[in-house]
There are 2 protein chains.
Amino acid sequence: MAEQTGKPSVPSGRRTVTSVGRAIAVIDALAAAPDGLGVNELARRIEVNPSSASRLLATLEQSGLTTRQRSGRYRLGLRFVALADRVLASLDVRELARPHLHSLVEQTGETATLSIPAAGEAVTVDFVPGSSSVVSMARVGRPNPLHATAIGKVMLAFGAGAATLPPSDGLTRFTEKTLIEHDVLRDAVETVRRAGWAEAVGERETDLAALAAPVRGAPDRLVAIVGLQGPLARMTHARRREMLPLLLDVAARLSRELGATG
Amino acid sequence: MAEQTGKPSVPSGRRTVTSVGRAIAVIDALAAAPDGLGVNELARRIEVNPSSASRLLATLEQSGLTTRQRSGRYRLGLRFVALADRVLASLDVRELARPHLHSLVEQTGETATLSIPAAGEAVTVDFVPGSSSVVSMARVGRPNPLHATAIGKVMLAFGAGAATLPPSDGLTRFTEKTLIEHDVLRDAVETVRRAGWAEAVGERETDLAALAAPVRGAPDRLVAIVGLQGPLARMTHARRREMLPLLLDVAARLSRELGATG
DNA sequence: TATTGTGTTGCCTATTACGCAAATGCCTTG
DNA sequence: CAAGGCATTTGCGTAATAGGCAACACAATA
């Protein structure tokens, strides 16, 4: 390399391959830019020389990981969709959980979700839409903000060390009920840990309420999170208390079924 | 680099970054191995030194692109699911097509799909399950074999040069109706090109029949493919002929709506 | 026309990736 | 229990390569 080089940018852990790290930075930058990025713009964002960006993009494009639109801008390619399919297909928890999600929906009428903790966030990998919900908020792959969703709180309460509380100033406010103070959030998480379940009422979207409970695996490890969500109008406090045991039951069953999984 | 090095492995096009190419090879190899791979096994498959594989995997793992299961094997990580969500969210064709898919389902009762050509294959990006179909064969991200699906044939007939006929010996036989002879397939594709639509009857799954039609964009470019599929028992020849105009109408409408996109 | 920004490429050097080999650890087999 | 085999990681040194710089081509704008 030459003079402009900043920091190694990949300090931690075992030895890694720097240019691959840069390529991943490219992917992340593109993921964060729905309308795509030009070579120079991208280069500025990830702080590399435009020539490097050009060559990285060329490499990614060659494998279909990125596409360029007519405008010349680069986007993430559809190959990611195909890759995600493979990932989901190899998920056994998902198969296991499906009938339980269905039964939850049957009994409650609300949308049931299954999320899996990964790299400090909880990714939704499956859901069954509530029978009456016209537009469901759930979507496979949608990120769950740790501090503003029931699922996120379970993640914080039971997840491995990876899931640390984000810094107080990094807590984005979605609604007026969103918990944005570090102390308040920490207490809330502690409560969740004691209770064994979490709820979020209008904290991410004004009209949405949700419940979530952890699914524990073999060595007391958080392997999944089941959730129930619906419009606040229907999911009153009383209603939530009715649904809670159903949810906890499903979580417990799933925990039991997961003796030791891949 | 040192002595063992084989071929450059990334010959074509602009200048590329070799180690990134290798990282992508890792990803592809993992995608093809549902049960994960160990370092050595992976190293053999992509023909690199185990030490390189170890470092590449370390890099990918650090960014959450891969995970290791307790057994020590590596798999693709859930981050791909999140990335795919971003890709799908930035797809405008999808929004445009959704109502049309719904209307197709309403009129026919069968499953309607939307696929997009990318890097020589057609990736399914959305679908609306047929009202009566209990288990739908459609899945977002599922690959469509070019020679054994209606969608694939449309891809071959109207796709850019990228979509070339696979070599005759590479045509896997799914059912006894699968077209596995190069000549036969070529003729079939030619027929599709003339007719402007394709069908596949029991060619991928014995009991499945499908229709597909191209959606053309601005400079006569294939931008998407709409399809209809259902159990062979319901989708008789006569029934398919009834449904065809509906499908072609939707394809035409979509083509019109797409003056110039993305 | 002048100007600014963007994307790509040649060239060259310092950096870094990688092959080798050794060390460690796990699992199986004798 | 010991021994052997296999998997994974790491130190080291070299040579390959990544990437910075700068020049170029092109487009859009002023």
# chains A, B, ... in the order shown; residues from 1 in each chain; ligands from 1

$ closest_atom_pairs --of "chain D" --to "region 1-17 of chain C" --cutoff "10 Å" --atoms "only C-alpha atoms (C1' of nucleotides)" --output "CSV"
residue,atom,partner,partner_atom,distance
D:DA15,C1',C:DA17,C1',9.9
D:DA16,C1',C:DA17,C1',8.1
D:DT17,C1',C:DT16,C1',7.9
D:DA18,C1',C:DT15,C1',7.9
D:DG19,C1',C:DT15,C1',9.4
D:DG20,C1',C:DT13,C1',9.7
D:DC21,C1',C:DC11,C1',9.4
D:DA22,C1',C:DG10,C1',9.6
D:DA23,C1',C:DG10,C1',9.0
D:DC24,C1',C:DT9,C1',8.4
D:DA25,C1',C:DT8,C1',8.5
D:DC26,C1',C:DT6,C1',8.5
D:DA27,C1',C:DT6,C1',8.2
D:DA28,C1',C:DG5,C1',8.5
D:DT29,C1',C:DT4,C1',8.0
D:DA30,C1',C:DT3,C1',7.6

$ select_by_dssp --residues "region 31-205 of chain A" --states "strand (DSSP E)" --output "PDB file with C-alpha atoms, in the first residue's frame"
ATOM      1  CA  THR A  66     -23.485  -5.494  -6.972  1.00  0.00           C
ATOM      2  CA  THR A  67     -25.188  -4.144 -10.068  1.00  0.00           C
ATOM      3  CA  ARG A  68     -24.923  -0.825 -11.704  1.00  0.00           C
ATOM      4  CA  TYR A  74     -23.920   0.898  -7.861  1.00  0.00           C
ATOM      5  CA  ARG A  75     -26.407  -1.060  -5.790  1.00  0.00           C
ATOM      6  CA  LEU A  76     -26.421  -4.348  -4.010  1.00  0.00           C
ATOM      7  CA  THR A 111     -48.956 -11.492  13.945  1.00  0.00           C
ATOM      8  CA  ALA A 112     -46.399 -13.948  15.324  1.00  0.00           C
ATOM      9  CA  THR A 113     -42.695 -13.549  14.605  1.00  0.00           C
ATOM     10  CA  LEU A 114     -39.510 -15.559  14.980  1.00  0.00           C
ATOM     11  CA  SER A 115     -36.190 -13.747  15.289  1.00  0.00           C
ATOM     12  CA  ILE A 116     -32.669 -14.979  15.741  1.00  0.00           C
ATOM     13  CA  PRO A 117     -29.812 -13.193  17.475  1.00  0.00           C
ATOM     14  CA  ALA A 118     -26.793 -12.567  15.307  1.00  0.00           C
ATOM     15  CA  GLU A 121     -28.842  -7.681  16.561  1.00  0.00           C
ATOM     16  CA  ALA A 122     -31.988  -9.745  16.249  1.00  0.00           C
ATOM     17  CA  VAL A 123     -32.940 -10.626  12.706  1.00  0.00           C
ATOM     18  CA  THR A 124     -36.501 -11.624  11.941  1.00  0.00           C
ATOM     19  CA  VAL A 125     -36.367 -14.871  10.010  1.00  0.00           C
ATOM     20  CA  ASP A 126     -39.999 -15.845   9.802  1.00  0.00           C
ATOM     21  CA  PHE A 127     -43.466 -14.628  10.631  1.00  0.00           C
ATOM     22  CA  VAL A 128     -47.099 -15.513  10.226  1.00  0.00           C
ATOM     23  CA  ALA A 198     -40.681  -8.119  27.259  1.00  0.00           C
ATOM     24  CA  GLU A 199     -43.233  -5.755  25.861  1.00  0.00           C
ATOM     25  CA  ALA A 200     -43.077  -2.592  23.824  1.00  0.00           C
ATOM     26  CA  VAL A 201     -46.107  -0.385  23.537  1.00  0.00           C
TER      27      VAL A 201
END

$ atom_distance --atom1 "CA of Glu106 (chain B)" --atom2 "CA of His147 (chain B)"
28.8 Å

$ atom_distance --atom1 "CA of Val192 (chain A)" --atom2 "CA of Arg139 (chain A)"
24.3 Å

$ residues_around --residues "DC6 (chain D)" --least-positions-apart "4" --cutoff "12 Å" --atoms "only C-alpha atoms (C1' of nucleotides)" --output "VMD selection string"
(chain B and resid 38 to 41) or (chain C and resid 25 to 28)

$ atom_distance --atom1 "CA of Ala157 (chain B)" --atom2 "CA of Val189 (chain B)"
5.4 Å

$ residues_around --residues "Asp249 (chain B)" --least-positions-apart "5" --cutoff "10 Å" --atoms "only C-alpha atoms (C1' of nucleotides)" --output "list in words"
His100, Leu104, Ala213, Leu244, Leu254 and Ser255 of chain B

$ write_last_selection --atoms "N, CA and C atoms" --output "CSV table (one decimal), in the first residue's frame"
chain,number,residue,atom,x,y,z
B,100,HIS,N,-50.7,-6.0,-9.4
B,100,HIS,CA,-50.9,-6.8,-10.5
B,100,HIS,C,-50.9,-8.3,-10.1
B,104,LEU,N,-54.0,-11.0,-10.5
B,104,LEU,CA,-53.8,-12.3,-11.1
B,104,LEU,C,-54.3,-13.4,-10.2
B,213,ALA,N,-44.3,-14.8,-18.6
B,213,ALA,CA,-44.2,-13.8,-19.6
B,213,ALA,C,-43.3,-12.7,-19.3
B,244,LEU,N,-53.8,-17.5,-19.8
B,244,LEU,CA,-52.7,-16.8,-20.6
B,244,LEU,C,-53.0,-15.3,-20.9
B,254,LEU,N,-47.4,-3.8,-17.1
B,254,LEU,CA,-46.1,-3.5,-16.3
B,254,LEU,C,-45.1,-3.0,-17.3
B,255,SER,N,-44.9,-3.5,-18.4
B,255,SER,CA,-44.0,-3.0,-19.4
B,255,SER,C,-44.2,-1.6,-19.7

$ interface_residues --of "chain B" --to "chain D" --cutoff "12 Å" --atoms "only C-alpha atoms (C1' of nucleotides)" --output "ChimeraX atom specification"
/B:1-3,5,8,15-20,37-43,50-55,57-58,71-73

$ write_last_selection --atoms "C-alpha atoms" --output "CSV table (one decimal), in the first residue's frame"
chain,number,residue,atom,x,y,z
B,1,MET,CA,2.1,-14.3,-2.8
B,2,ALA,CA,4.1,-17.4,-2.8
B,3,GLU,CA,4.7,-20.7,-4.6
B,5,THR,CA,-0.5,-20.1,-6.3
B,8,PRO,CA,-5.2,-15.7,-11.2
B,15,ARG,CA,-9.0,-4.8,-12.8
B,16,THR,CA,-10.2,-6.5,-9.7
B,17,VAL,CA,-9.0,-7.3,-6.2
B,18,THR,CA,-8.0,-10.9,-6.0
B,19,SER,CA,-8.4,-11.5,-2.4
B,20,VAL,CA,-11.9,-10.1,-2.5
B,37,LEU,CA,-17.9,-26.2,6.1
B,38,GLY,CA,-14.7,-26.6,8.1
B,39,VAL,CA,-11.7,-24.5,7.3
B,40,ASN,CA,-9.9,-27.3,5.6
B,41,GLU,CA,-12.8,-28.6,3.7
B,42,LEU,CA,-13.5,-25.1,2.4
B,43,ALA,CA,-9.9,-24.6,1.5
B,50,PRO,CA,-6.0,-23.6,4.7
B,51,SER,CA,-4.2,-20.7,6.3
B,52,SER,CA,-5.7,-18.3,3.7
B,53,ALA,CA,-9.1,-19.8,4.2
B,54,SER,CA,-8.7,-19.4,8.0
B,55,ARG,CA,-7.9,-15.7,7.5
B,57,LEU,CA,-13.2,-16.7,7.3
B,58,ALA,CA,-11.9,-14.7,10.2
B,71,SER,CA,-19.1,-27.9,15.8
B,72,GLY,CA,-16.6,-25.3,14.5
B,73,ARG,CA,-18.0,-25.3,11.0

$ decode --residues "region 136-184 of chain B" --atoms "N, CA and C atoms" --output "JSON list (two decimals), in the first residue's frame"
[["chain", "number", "residue", "atom", "x", "y", "z"],
["B", 136, "SER", "N", -47.24, -23.53, -0.92],
["B", 136, "SER", "CA", -46.83, -22.91, -2.17],
["B", 136, "SER", "C", -45.38, -23.26, -2.46],
["B", 137, "MET", "N", -45.13, -23.54, -3.70],
["B", 137, "MET", "CA", -43.77, -23.88, -4.10],
["B", 137, "MET", "C", -42.91, -22.63, -4.23],
["B", 138, "ALA", "N", -43.56, -21.49, -4.35],
["B", 138, "ALA", "CA", -42.81, -20.27, -4.57],
["B", 138, "ALA", "C", -42.11, -19.82, -3.29],
["B", 139, "ARG", "N", -40.96, -19.21, -3.47],
["B", 139, "ARG", "CA", -40.22, -18.70, -2.32],
["B", 139, "ARG", "C", -39.33, -17.58, -2.83],
["B", 140, "VAL", "N", -39.28, -16.51, -2.07],
["B", 140, "VAL", "CA", -38.43, -15.41, -2.50],
["B", 140, "VAL", "C", -36.97, -15.83, -2.44],
["B", 141, "GLY", "N", -36.27, -15.61, -3.53],
["B", 141, "GLY", "CA", -34.86, -15.94, -3.57],
["B", 141, "GLY", "C", -34.57, -17.30, -4.15],
["B", 142, "ARG", "N", -35.61, -18.09, -4.29],
["B", 142, "ARG", "CA", -35.40, -19.42, -4.82],
["B", 142, "ARG", "C", -34.91, -19.34, -6.26],
["B", 143, "PRO", "N", -33.87, -20.10, -6.59],
["B", 143, "PRO", "CA", -33.38, -20.06, -7.96],
["B", 143, "PRO", "C", -34.31, -20.80, -8.91],
["B", 144, "ASN", "N", -34.42, -20.29, -10.12],
["B", 144, "ASN", "CA", -35.24, -20.93, -11.13],
["B", 144, "ASN", "C", -34.35, -21.57, -12.20],
["B", 145, "PRO", "N", -34.25, -22.87, -12.18],
["B", 145, "PRO", "CA", -33.42, -23.53, -13.20],
["B", 145, "PRO", "C", -33.85, -23.06, -14.59],
["B", 146, "LEU", "N", -32.88, -22.64, -15.40],
["B", 146, "LEU", "CA", -33.22, -22.02, -16.68],
["B", 146, "LEU", "C", -33.95, -22.96, -17.62],
["B", 147, "HIS", "N", -33.62, -24.23, -17.56],
["B", 147, "HIS", "CA", -34.15, -25.14, -18.58],
["B", 147, "HIS", "C", -35.41, -25.87, -18.14],
["B", 148, "ALA", "N", -35.79, -25.69, -16.87],
["B", 148, "ALA", "CA", -36.89, -26.52, -16.39],
["B", 148, "ALA", "C", -38.04, -25.71, -15.82],
["B", 149, "THR", "N", -38.03, -24.42, -16.01],
["B", 149, "THR", "CA", -39.14, -23.62, -15.50],
["B", 149, "THR", "C", -39.61, -22.66, -16.59],
["B", 150, "ALA", "N", -40.85, -22.24, -16.48],
["B", 150, "ALA", "CA", -41.37, -21.29, -17.45],
["B", 150, "ALA", "C", -40.59, -19.98, -17.34],
["B", 151, "ILE", "N", -40.33, -19.59, -16.12],
["B", 151, "ILE", "CA", -39.58, -18.36, -15.89],
["B", 151, "ILE", "C", -38.20, -18.45, -16.53],
["B", 152, "GLY", "N", -37.54, -19.57, -16.31],
["B", 152, "GLY", "CA", -36.21, -19.76, -16.88],
["B", 152, "GLY", "C", -36.22, -19.67, -18.39],
["B", 153, "LYS", "N", -37.24, -20.23, -19.00],
["B", 153, "LYS", "CA", -37.29, -20.20, -20.47],
["B", 153, "LYS", "C", -37.47, -18.77, -20.98],
["B", 154, "VAL", "N", -38.29, -18.01, -20.28],
["B", 154, "VAL", "CA", -38.45, -16.61, -20.67],
["B", 154, "VAL", "C", -37.10, -15.89, -20.56],
["B", 155, "MET", "N", -36.41, -16.21, -19.49],
["B", 155, "MET", "CA", -35.08, -15.65, -19.28],
["B", 155, "MET", "C", -34.16, -15.98, -20.45],
["B", 156, "LEU", "N", -34.19, -17.22, -20.87],
["B", 156, "LEU", "CA", -33.34, -17.64, -21.97],
["B", 156, "LEU", "C", -33.75, -16.96, -23.28],
["B", 157, "ALA", "N", -35.04, -16.81, -23.45],
["B", 157, "ALA", "CA", -35.53, -16.29, -24.72],
["B", 157, "ALA", "C", -35.35, -14.78, -24.84],
["B", 158, "PHE", "N", -35.51, -14.08, -23.74],
["B", 158, "PHE", "CA", -35.49, -12.63, -23.83],
["B", 158, "PHE", "C", -34.37, -11.96, -23.05],
["B", 159, "GLY", "N", -33.67, -12.72, -22.23],
["B", 159, "GLY", "CA", -32.62, -12.14, -21.41],
["B", 159, "GLY", "C", -31.45, -11.66, -22.26],
["B", 160, "ALA", "N", -30.63, -10.81, -21.67],
["B", 160, "ALA", "CA", -29.45, -10.33, -22.37],
["B", 160, "ALA", "C", -28.51, -11.50, -22.61],
["B", 161, "GLY", "N", -27.45, -11.24, -23.32],
["B", 161, "GLY", "CA", -26.51, -12.30, -23.68],
["B", 161, "GLY", "C", -26.06, -13.14, -22.51],
["B", 162, "ALA", "N", -26.11, -12.54, -21.34],
["B", 162, "ALA", "CA", -25.64, -13.24, -20.14],
["B", 162, "ALA", "C", -26.31, -14.59, -19.97],
["B", 163, "ALA", "N", -27.60, -14.61, -20.30],
["B", 163, "ALA", "CA", -28.33, -15.85, -20.09],
["B", 163, "ALA", "C", -28.16, -16.77, -21.28],
["B", 164, "THR", "N", -27.11, -17.53, -21.26],
["B", 164, "THR", "CA", -26.87, -18.46, -22.35],
["B", 164, "THR", "C", -27.33, -19.84, -21.93],
["B", 165, "LEU", "N", -27.62, -20.63, -22.92],
["B", 165, "LEU", "CA", -28.02, -22.00, -22.64],
["B", 165, "LEU", "C", -26.90, -22.70, -21.91],
["B", 166, "PRO", "N", -27.23, -23.37, -20.85],
["B", 166, "PRO", "CA", -26.20, -24.17, -20.19],
["B", 166, "PRO", "C", -25.80, -25.31, -21.11],
["B", 167, "PRO", "N", -24.60, -25.82, -20.95],
["B", 167, "PRO", "CA", -24.16, -26.94, -21.79],
["B", 167, "PRO", "C", -25.06, -28.15, -21.57],
["B", 168, "SER", "N", -25.21, -28.90, -22.63],
["B", 168, "SER", "CA", -26.18, -29.98, -22.62],
["B", 168, "SER", "C", -25.98, -30.95, -21.46],
["B", 169, "ASP", "N", -24.75, -31.21, -21.14],
["B", 169, "ASP", "CA", -24.52, -32.19, -20.08],
["B", 169, "ASP", "C", -24.72, -31.58, -18.69],
["B", 170, "GLY", "N", -24.94, -30.26, -18.67],
["B", 170, "GLY", "CA", -25.16, -29.64, -17.36],
["B", 170, "GLY", "C", -26.63, -29.52, -17.03],
["B", 171, "LEU", "N", -27.47, -30.05, -17.90],
["B", 171, "LEU", "CA", -28.91, -29.91, -17.68],
["B", 171, "LEU", "C", -29.41, -31.02, -16.75],
["B", 172, "THR", "N", -29.65, -30.68, -15.53],
["B", 172, "THR", "CA", -30.10, -31.71, -14.60],
["B", 172, "THR", "C", -31.54, -32.08, -14.87],
["B", 173, "ARG", "N", -31.81, -33.36, -14.76],
["B", 173, "ARG", "CA", -33.16, -33.87, -14.99],
["B", 173, "ARG", "C", -33.91, -33.88, -13.68],
["B", 174, "PHE", "N", -35.00, -33.11, -13.63],
["B", 174, "PHE", "CA", -35.79, -33.07, -12.40],
["B", 174, "PHE", "C", -36.92, -34.09, -12.44],
["B", 175, "THR", "N", -37.57, -34.16, -13.59],
["B", 175, "THR", "CA", -38.65, -35.12, -13.77],
["B", 175, "THR", "C", -38.45, -35.76, -15.13],
["B", 176, "GLU", "N", -39.35, -36.65, -15.49],
["B", 176, "GLU", "CA", -39.16, -37.27, -16.81],
["B", 176, "GLU", "C", -39.53, -36.33, -17.95],
["B", 177, "LYS", "N", -40.19, -35.24, -17.59],
["B", 177, "LYS", "CA", -40.55, -34.29, -18.64],
["B", 177, "LYS", "C", -39.53, -33.19, -18.83],
["B", 178, "THR", "N", -38.56, -33.15, -17.96],
["B", 178, "THR", "CA", -37.53, -32.12, -18.07],
["B", 178, "THR", "C", -36.82, -32.18, -19.42],
["B", 179, "LEU", "N", -36.63, -31.04, -20.04],
["B", 179, "LEU", "CA", -35.90, -30.99, -21.30],
["B", 179, "LEU", "C", -34.41, -31.03, -21.01],
["B", 180, "ILE", "N", -33.77, -32.11, -21.44],
["B", 180, "ILE", "CA", -32.35, -32.20, -21.14],
["B", 180, "ILE", "C", -31.49, -32.23, -22.39],
["B", 181, "GLU", "N", -32.15, -32.24, -23.55],
["B", 181, "GLU", "CA", -31.33, -32.21, -24.77],
["B", 181, "GLU", "C", -31.21, -30.79, -25.28],
["B", 182, "HIS", "N", -29.99, -30.44, -25.58],
["B", 182, "HIS", "CA", -29.68, -29.08, -25.96],
["B", 182, "HIS", "C", -30.54, -28.61, -27.14],
["B", 183, "ASP", "N", -30.64, -29.45, -28.15],
["B", 183, "ASP", "CA", -31.37, -29.07, -29.36],
["B", 183, "ASP", "C", -32.84, -28.81, -29.05],
["B", 184, "VAL", "N", -33.42, -29.73, -28.32],
["B", 184, "VAL", "CA", -34.83, -29.61, -27.97],
["B", 184, "VAL", "C", -35.06, -28.32, -27.20]]
